[in-house]
Amino acid sequence: MPELPPILLSALTGFLSGMLLSVPVGPVNLTIINEGTRRGFLRAMLVGLGAATMDLIYCTIAFTGFSSFFGIRMVKASMEVFSFVFMLFLGVKFLSAKTVIAPTQLGAAASRIEERIGEKLHPHSAFMTGFVRVLGNLGVLLFWIVLAANFLSRDWVDDTLAGKSACIAGVAVGANLWFFALSYMSSRGQGRLSEQTLLRMEHFSGICLLVLGLYHGGHIAWQLARHRHGI
């Protein structure tokens, strides 16, 4: 089977990860559902566009601000192990959720920071509502830092300006496509999703993360085995 060109692989990786991070149900998706049901497609889509814009900023920071740091051998090895543990942690958290929660929240301290940012900026428009909700969620930035380290170390994203740009563009398409679909469904009267349906969406994301985490763990074990046998 022929390999994908590096730029195309980078774009596809960004697209899939952008979708994966957007699907779990949290404040942004719930706001889109509520706005789409009450005030129509355009209002809901603007919330999603604002959230995707801030998500893209965090993604860009992760890929451009930490790329040289990830090149250090010890840091690269540590981040591979951390990303394995982090994916399993989030996967279990998504899969075991019994209520609709914000899955990338980091705890009470982070929640207080998010509340303070919301109080300071006090968004008045739909776009800024989505933007601020992601801005205050530091778990999103941590998630992108872990993914960036993983993607670059595995060569799923080409470590060039073109490769990183393709990945970031893929993230933009993936996130906005999900928010567009959710906004449309909500505005067409299909947005009154039951909590059970929302939980299934979150559980599906958890399964995807667990599969990725286990695959990544298997790759680490294979590398250790090769190193031990001097291959």
# chains A, B, ... in the order shown; residues from 1 in each chain; ligands from 1
$ residues_around --residues "A:Ala162" --least-positions-apart "4" --cutoff "8 Å" --atoms "only C-alpha atoms" --output "list in words"
Ile7, Asp158 and Ala166 of chain A
$ residues_around --residues "stretch 53-59 of chain A" --least-positions-apart "5" --cutoff "12 Å" --atoms "only C-alpha atoms" --output "mmCIF file with N, CA, C and O atoms, in the first residue's frame"
data_model
loop_
_atom_site.group_PDB
_atom_site.id
_atom_site.type_symbol
_atom_site.label_atom_id
_atom_site.label_comp_id
_atom_site.auth_asym_id
_atom_site.auth_seq_id
_atom_site.Cartn_x
_atom_site.Cartn_y
_atom_site.Cartn_z
ATOM 1 N N GLY A 14 -4.428 16.345 11.129
ATOM 2 C CA GLY A 14 -5.061 17.522 11.712
ATOM 3 C C GLY A 14 -6.575 17.456 11.640
ATOM 4 O O GLY A 14 -7.276 17.786 12.604
ATOM 5 N N PHE A 15 -7.089 17.008 10.510
ATOM 6 C CA PHE A 15 -8.547 16.914 10.331
ATOM 7 C C PHE A 15 -9.165 15.963 11.349
ATOM 8 O O PHE A 15 -10.147 16.292 12.021
ATOM 9 N N SER A 17 -7.881 14.825 14.210
ATOM 10 C CA SER A 17 -7.711 15.270 15.595
ATOM 11 C C SER A 17 -8.617 16.457 15.896
ATOM 12 O O SER A 17 -9.132 16.590 17.010
ATOM 13 N N GLY A 18 -8.831 17.343 14.911
ATOM 14 C CA GLY A 18 -9.755 18.459 15.108
ATOM 15 C C GLY A 18 -11.166 17.977 15.380
ATOM 16 O O GLY A 18 -11.876 18.511 16.240
ATOM 17 N N MET A 19 -11.592 16.941 14.640
ATOM 18 C CA MET A 19 -12.914 16.354 14.863
ATOM 19 C C MET A 19 -12.962 15.677 16.229
ATOM 20 O O MET A 19 -13.935 15.822 16.973
ATOM 21 N N LEU A 21 -11.332 16.204 18.984
ATOM 22 C CA LEU A 21 -11.374 17.111 20.121
ATOM 23 C C LEU A 21 -12.697 17.865 20.203
ATOM 24 O O LEU A 21 -13.123 18.270 21.287
ATOM 25 N N SER A 22 -13.382 18.034 19.073
ATOM 26 C CA SER A 22 -14.620 18.821 19.049
ATOM 27 C C SER A 22 -15.851 18.018 19.425
ATOM 28 O O SER A 22 -16.829 18.581 19.926
ATOM 29 N N VAL A 28 -19.088 24.184 24.950
ATOM 30 C CA VAL A 28 -19.234 24.715 23.591
ATOM 31 C C VAL A 28 -20.355 23.994 22.846
ATOM 32 O O VAL A 28 -21.249 24.636 22.269
ATOM 33 N N LEU A 46 -21.930 30.780 14.665
ATOM 34 C CA LEU A 46 -20.994 31.803 15.124
ATOM 35 C C LEU A 46 -20.330 31.388 16.444
ATOM 36 O O LEU A 46 -19.147 31.657 16.665
ATOM 37 N N VAL A 47 -21.094 30.725 17.310
ATOM 38 C CA VAL A 47 -20.506 30.197 18.547
ATOM 39 C C VAL A 47 -19.427 29.169 18.195
ATOM 40 O O VAL A 47 -18.312 29.191 18.731
ATOM 41 N N GLY A 48 -19.763 28.272 17.282
ATOM 42 C CA GLY A 48 -18.805 27.257 16.864
ATOM 43 C C GLY A 48 -17.585 27.855 16.181
ATOM 44 O O GLY A 48 -16.460 27.403 16.396
ATOM 45 N N THR A 64 4.042 25.401 17.050
ATOM 46 C CA THR A 64 5.131 26.332 16.739
ATOM 47 C C THR A 64 5.946 26.723 17.965
ATOM 48 O O THR A 64 7.151 26.938 17.862
ATOM 49 N N GLY A 65 5.310 26.803 19.115
ATOM 50 C CA GLY A 65 6.012 27.269 20.304
ATOM 51 C C GLY A 65 6.784 26.192 21.035
ATOM 52 O O GLY A 65 7.673 26.494 21.831
ATOM 53 N N PHE A 66 6.450 24.921 20.765
ATOM 54 C CA PHE A 66 7.092 23.832 21.502
ATOM 55 C C PHE A 66 7.855 22.863 20.612
ATOM 56 O O PHE A 66 8.419 21.896 21.105
ATOM 57 N N SER A 67 7.890 23.102 19.293
ATOM 58 C CA SER A 67 8.486 22.135 18.377
ATOM 59 C C SER A 67 9.974 21.909 18.652
ATOM 60 O O SER A 67 10.455 20.771 18.634
ATOM 61 N N PHE A 127 -19.957 34.848 18.569
ATOM 62 C CA PHE A 127 -18.586 34.471 18.234
ATOM 63 C C PHE A 127 -17.694 34.516 19.476
ATOM 64 O O PHE A 127 -16.940 33.586 19.751
ATOM 65 N N MET A 128 -17.780 35.607 20.237
ATOM 66 C CA MET A 128 -16.931 35.759 21.414
ATOM 67 C C MET A 128 -17.319 34.791 22.525
ATOM 68 O O MET A 128 -16.471 34.393 23.326
ATOM 69 N N THR A 129 -18.576 34.381 22.557
ATOM 70 C CA THR A 129 -18.995 33.392 23.547
ATOM 71 C C THR A 129 -18.240 32.080 23.338
ATOM 72 O O THR A 129 -17.673 31.503 24.280
ATOM 73 N N GLY A 130 -18.213 31.608 22.093
ATOM 74 C CA GLY A 130 -17.462 30.394 21.796
ATOM 75 C C GLY A 130 -15.978 30.578 21.993
ATOM 76 O O GLY A 130 -15.286 29.696 22.514
ATOM 77 N N PHE A 131 -15.453 31.732 21.595
ATOM 78 C CA PHE A 131 -14.024 32.035 21.708
ATOM 79 C C PHE A 131 -13.570 31.993 23.168
ATOM 80 O O PHE A 131 -12.567 31.364 23.503
ATOM 81 N N VAL A 132 -14.321 32.652 24.037
ATOM 82 C CA VAL A 132 -13.943 32.749 25.448
ATOM 83 C C VAL A 132 -14.087 31.412 26.161
ATOM 84 O O VAL A 132 -13.291 31.083 27.054
ATOM 85 N N ARG A 133 -15.074 30.615 25.777
ATOM 86 C CA ARG A 133 -15.249 29.310 26.420
ATOM 87 C C ARG A 133 -14.038 28.413 26.202
ATOM 88 O O ARG A 133 -13.638 27.662 27.094
ATOM 89 N N VAL A 134 -13.430 28.485 25.023
ATOM 90 C CA VAL A 134 -12.229 27.690 24.769
ATOM 91 C C VAL A 134 -10.997 28.367 25.350
ATOM 92 O O VAL A 134 -10.096 27.701 25.877
ATOM 93 N N LEU A 135 -10.948 29.701 25.290
ATOM 94 C CA LEU A 135 -9.817 30.448 25.842
ATOM 95 C C LEU A 135 -9.600 30.117 27.311
ATOM 96 O O LEU A 135 -8.460 29.956 27.771
ATOM 97 N N GLY A 136 -10.676 29.997 28.070
ATOM 98 C CA GLY A 136 -10.563 29.744 29.500
ATOM 99 C C GLY A 136 -10.320 28.294 29.860
ATOM 100 O O GLY A 136 -10.060 27.979 31.022
ATOM 101 N N ASN A 137 -10.390 27.395 28.885
ATOM 102 C CA ASN A 137 -10.205 25.972 29.156
ATOM 103 C C ASN A 137 -8.769 25.585 28.839
ATOM 104 O O ASN A 137 -8.424 25.232 27.703
ATOM 105 N N LEU A 138 -7.884 25.621 29.841
ATOM 106 C CA LEU A 138 -6.475 25.324 29.631
ATOM 107 C C LEU A 138 -6.234 23.857 29.281
ATOM 108 O O LEU A 138 -5.168 23.509 28.770
ATOM 109 N N GLY A 139 -7.226 23.010 29.550
ATOM 110 C CA GLY A 139 -7.102 21.615 29.169
ATOM 111 C C GLY A 139 -6.985 21.441 27.665
ATOM 112 O O GLY A 139 -6.342 20.495 27.192
ATOM 113 N N VAL A 140 -7.592 22.347 26.891
ATOM 114 C CA VAL A 140 -7.500 22.278 25.435
ATOM 115 C C VAL A 140 -6.058 22.516 24.989
ATOM 116 O O VAL A 140 -5.532 21.813 24.116
ATOM 117 N N LEU A 141 -5.394 23.507 25.605
ATOM 118 C CA LEU A 141 -3.998 23.781 25.268
ATOM 119 C C LEU A 141 -3.117 22.583 25.625
ATOM 120 O O LEU A 141 -2.258 22.172 24.831
ATOM 121 N N LEU A 142 -3.324 22.002 26.799
ATOM 122 C CA LEU A 142 -2.549 20.827 27.210
ATOM 123 C C LEU A 142 -2.774 19.671 26.247
ATOM 124 O O LEU A 142 -1.824 18.960 25.876
ATOM 125 N N PHE A 143 -4.012 19.499 25.833
ATOM 126 C CA PHE A 143 -4.346 18.429 24.902
ATOM 127 C C PHE A 143 -3.577 18.598 23.594
ATOM 128 O O PHE A 143 -3.008 17.638 23.066
ATOM 129 N N TRP A 144 -3.514 19.832 23.080
ATOM 130 C CA TRP A 144 -2.813 20.074 21.824
ATOM 131 C C TRP A 144 -1.307 19.926 21.981
ATOM 132 O O TRP A 144 -0.618 19.469 21.064
ATOM 133 N N ILE A 145 -0.772 20.301 23.133
ATOM 134 C CA ILE A 145 0.669 20.121 23.362
ATOM 135 C C ILE A 145 1.023 18.639 23.329
ATOM 136 O O ILE A 145 2.016 18.236 22.704
ATOM 137 N N VAL A 146 0.208 17.816 23.977
ATOM 138 C CA VAL A 146 0.447 16.373 23.987
ATOM 139 C C VAL A 146 0.321 15.800 22.582
ATOM 140 O O VAL A 146 1.157 15.007 22.124
ATOM 141 N N LEU A 147 -0.733 16.201 21.864
ATOM 142 C CA LEU A 147 -0.929 15.690 20.512
ATOM 143 C C LEU A 147 0.187 16.137 19.579
ATOM 144 O O LEU A 147 0.654 15.359 18.742
ATOM 145 N N ALA A 148 0.612 17.400 19.700
ATOM 146 C CA ALA A 148 1.680 17.907 18.834
ATOM 147 C C ALA A 148 2.961 17.098 19.041
ATOM 148 O O ALA A 148 3.635 16.711 18.071
ATOM 149 N N ALA A 149 3.307 16.835 20.300
ATOM 150 C CA ALA A 149 4.507 16.044 20.596
ATOM 151 C C ALA A 149 4.386 14.641 20.013
ATOM 152 O O ALA A 149 5.340 14.106 19.432
ATOM 153 N N LYS A 164 3.350 21.482 9.292
ATOM 154 C CA LYS A 164 2.600 22.001 10.439
ATOM 155 C C LYS A 164 1.419 22.843 9.975
ATOM 156 O O LYS A 164 0.327 22.783 10.553
ATOM 157 N N SER A 165 1.628 23.643 8.918
ATOM 158 C CA SER A 165 0.538 24.469 8.385
ATOM 159 C C SER A 165 -0.586 23.599 7.846
ATOM 160 O O SER A 165 -1.767 23.904 8.032
ATOM 161 N N CYS A 167 -1.339 20.577 8.866
ATOM 162 C CA CYS A 167 -2.021 19.993 10.021
ATOM 163 C C CYS A 167 -2.976 20.999 10.660
ATOM 164 O O CYS A 167 -4.125 20.664 10.963
ATOM 165 N N ILE A 168 -2.511 22.215 10.845
ATOM 166 C CA ILE A 168 -3.350 23.256 11.446
ATOM 167 C C ILE A 168 -4.572 23.545 10.566
ATOM 168 O O ILE A 168 -5.690 23.720 11.063
ATOM 169 N N ALA A 169 -4.352 23.559 9.238
ATOM 170 C CA ALA A 169 -5.474 23.758 8.314
ATOM 171 C C ALA A 169 -6.463 22.601 8.421
ATOM 172 O O ALA A 169 -7.692 22.804 8.388
ATOM 173 N N GLY A 170 -5.945 21.378 8.566
ATOM 174 C CA GLY A 170 -6.816 20.223 8.744
ATOM 175 C C GLY A 170 -7.631 20.314 10.022
ATOM 176 O O GLY A 170 -8.820 19.959 10.042
ATOM 177 N N VAL A 171 -7.009 20.799 11.095
ATOM 178 C CA VAL A 171 -7.724 21.004 12.358
ATOM 179 C C VAL A 171 -8.879 21.998 12.159
ATOM 180 O O VAL A 171 -9.997 21.780 12.640
ATOM 181 N N ALA A 172 -8.600 23.081 11.435
ATOM 182 C CA ALA A 172 -9.626 24.104 11.186
ATOM 183 C C ALA A 172 -10.816 23.505 10.440
ATOM 184 O O ALA A 172 -11.978 23.749 10.796
ATOM 185 N N VAL A 173 -10.540 22.692 9.420
ATOM 186 C CA VAL A 173 -11.615 22.079 8.643
ATOM 187 C C VAL A 173 -12.401 21.084 9.490
ATOM 188 O O VAL A 173 -13.638 21.081 9.497
ATOM 189 N N GLY A 174 -11.685 20.235 10.236
ATOM 190 C CA GLY A 174 -12.349 19.220 11.047
ATOM 191 C C GLY A 174 -13.235 19.809 12.128
ATOM 192 O O GLY A 174 -14.390 19.395 12.297
ATOM 193 N N ALA A 175 -12.704 20.790 12.873
ATOM 194 C CA ALA A 175 -13.474 21.405 13.960
ATOM 195 C C ALA A 175 -14.687 22.157 13.418
ATOM 196 O O ALA A 175 -15.804 22.008 13.927
ATOM 197 N N ASN A 176 -14.467 22.959 12.373
ATOM 198 C CA ASN A 176 -15.583 23.747 11.827
ATOM 199 C C ASN A 176 -16.636 22.870 11.164
ATOM 200 O O ASN A 176 -17.831 23.196 11.205
ATOM 201 N N PHE A 179 -18.790 21.572 14.050
ATOM 202 C CA PHE A 179 -19.645 22.624 14.588
ATOM 203 C C PHE A 179 -20.733 23.027 13.593
ATOM 204 O O PHE A 179 -21.857 23.350 13.984
#
$ atom_distance --atom1 "atom CA of A:Phe89" --atom2 "atom CA of A:Thr13"
21.0 Å
$ closest_residue --among "A:Phe63, A:Lys93, A:Phe84, A:Asn29" --to "A:Asp159" --atoms "only C-alpha atoms"
A:Phe63
$ atom_distance --atom1 "atom CA of A:Ser125" --atom2 "atom CA of A:Leu49"
11.7 Å
$ closest_residue --among "A:Leu8, A:Met185, A:Met201, A:Ala97" --to "A:Val23" --atoms "only C-alpha atoms"
A:Met201
$ atom_distance --atom1 "atom CA of A:Ser183" --atom2 "atom CA of A:Glu202"
17.6 Å
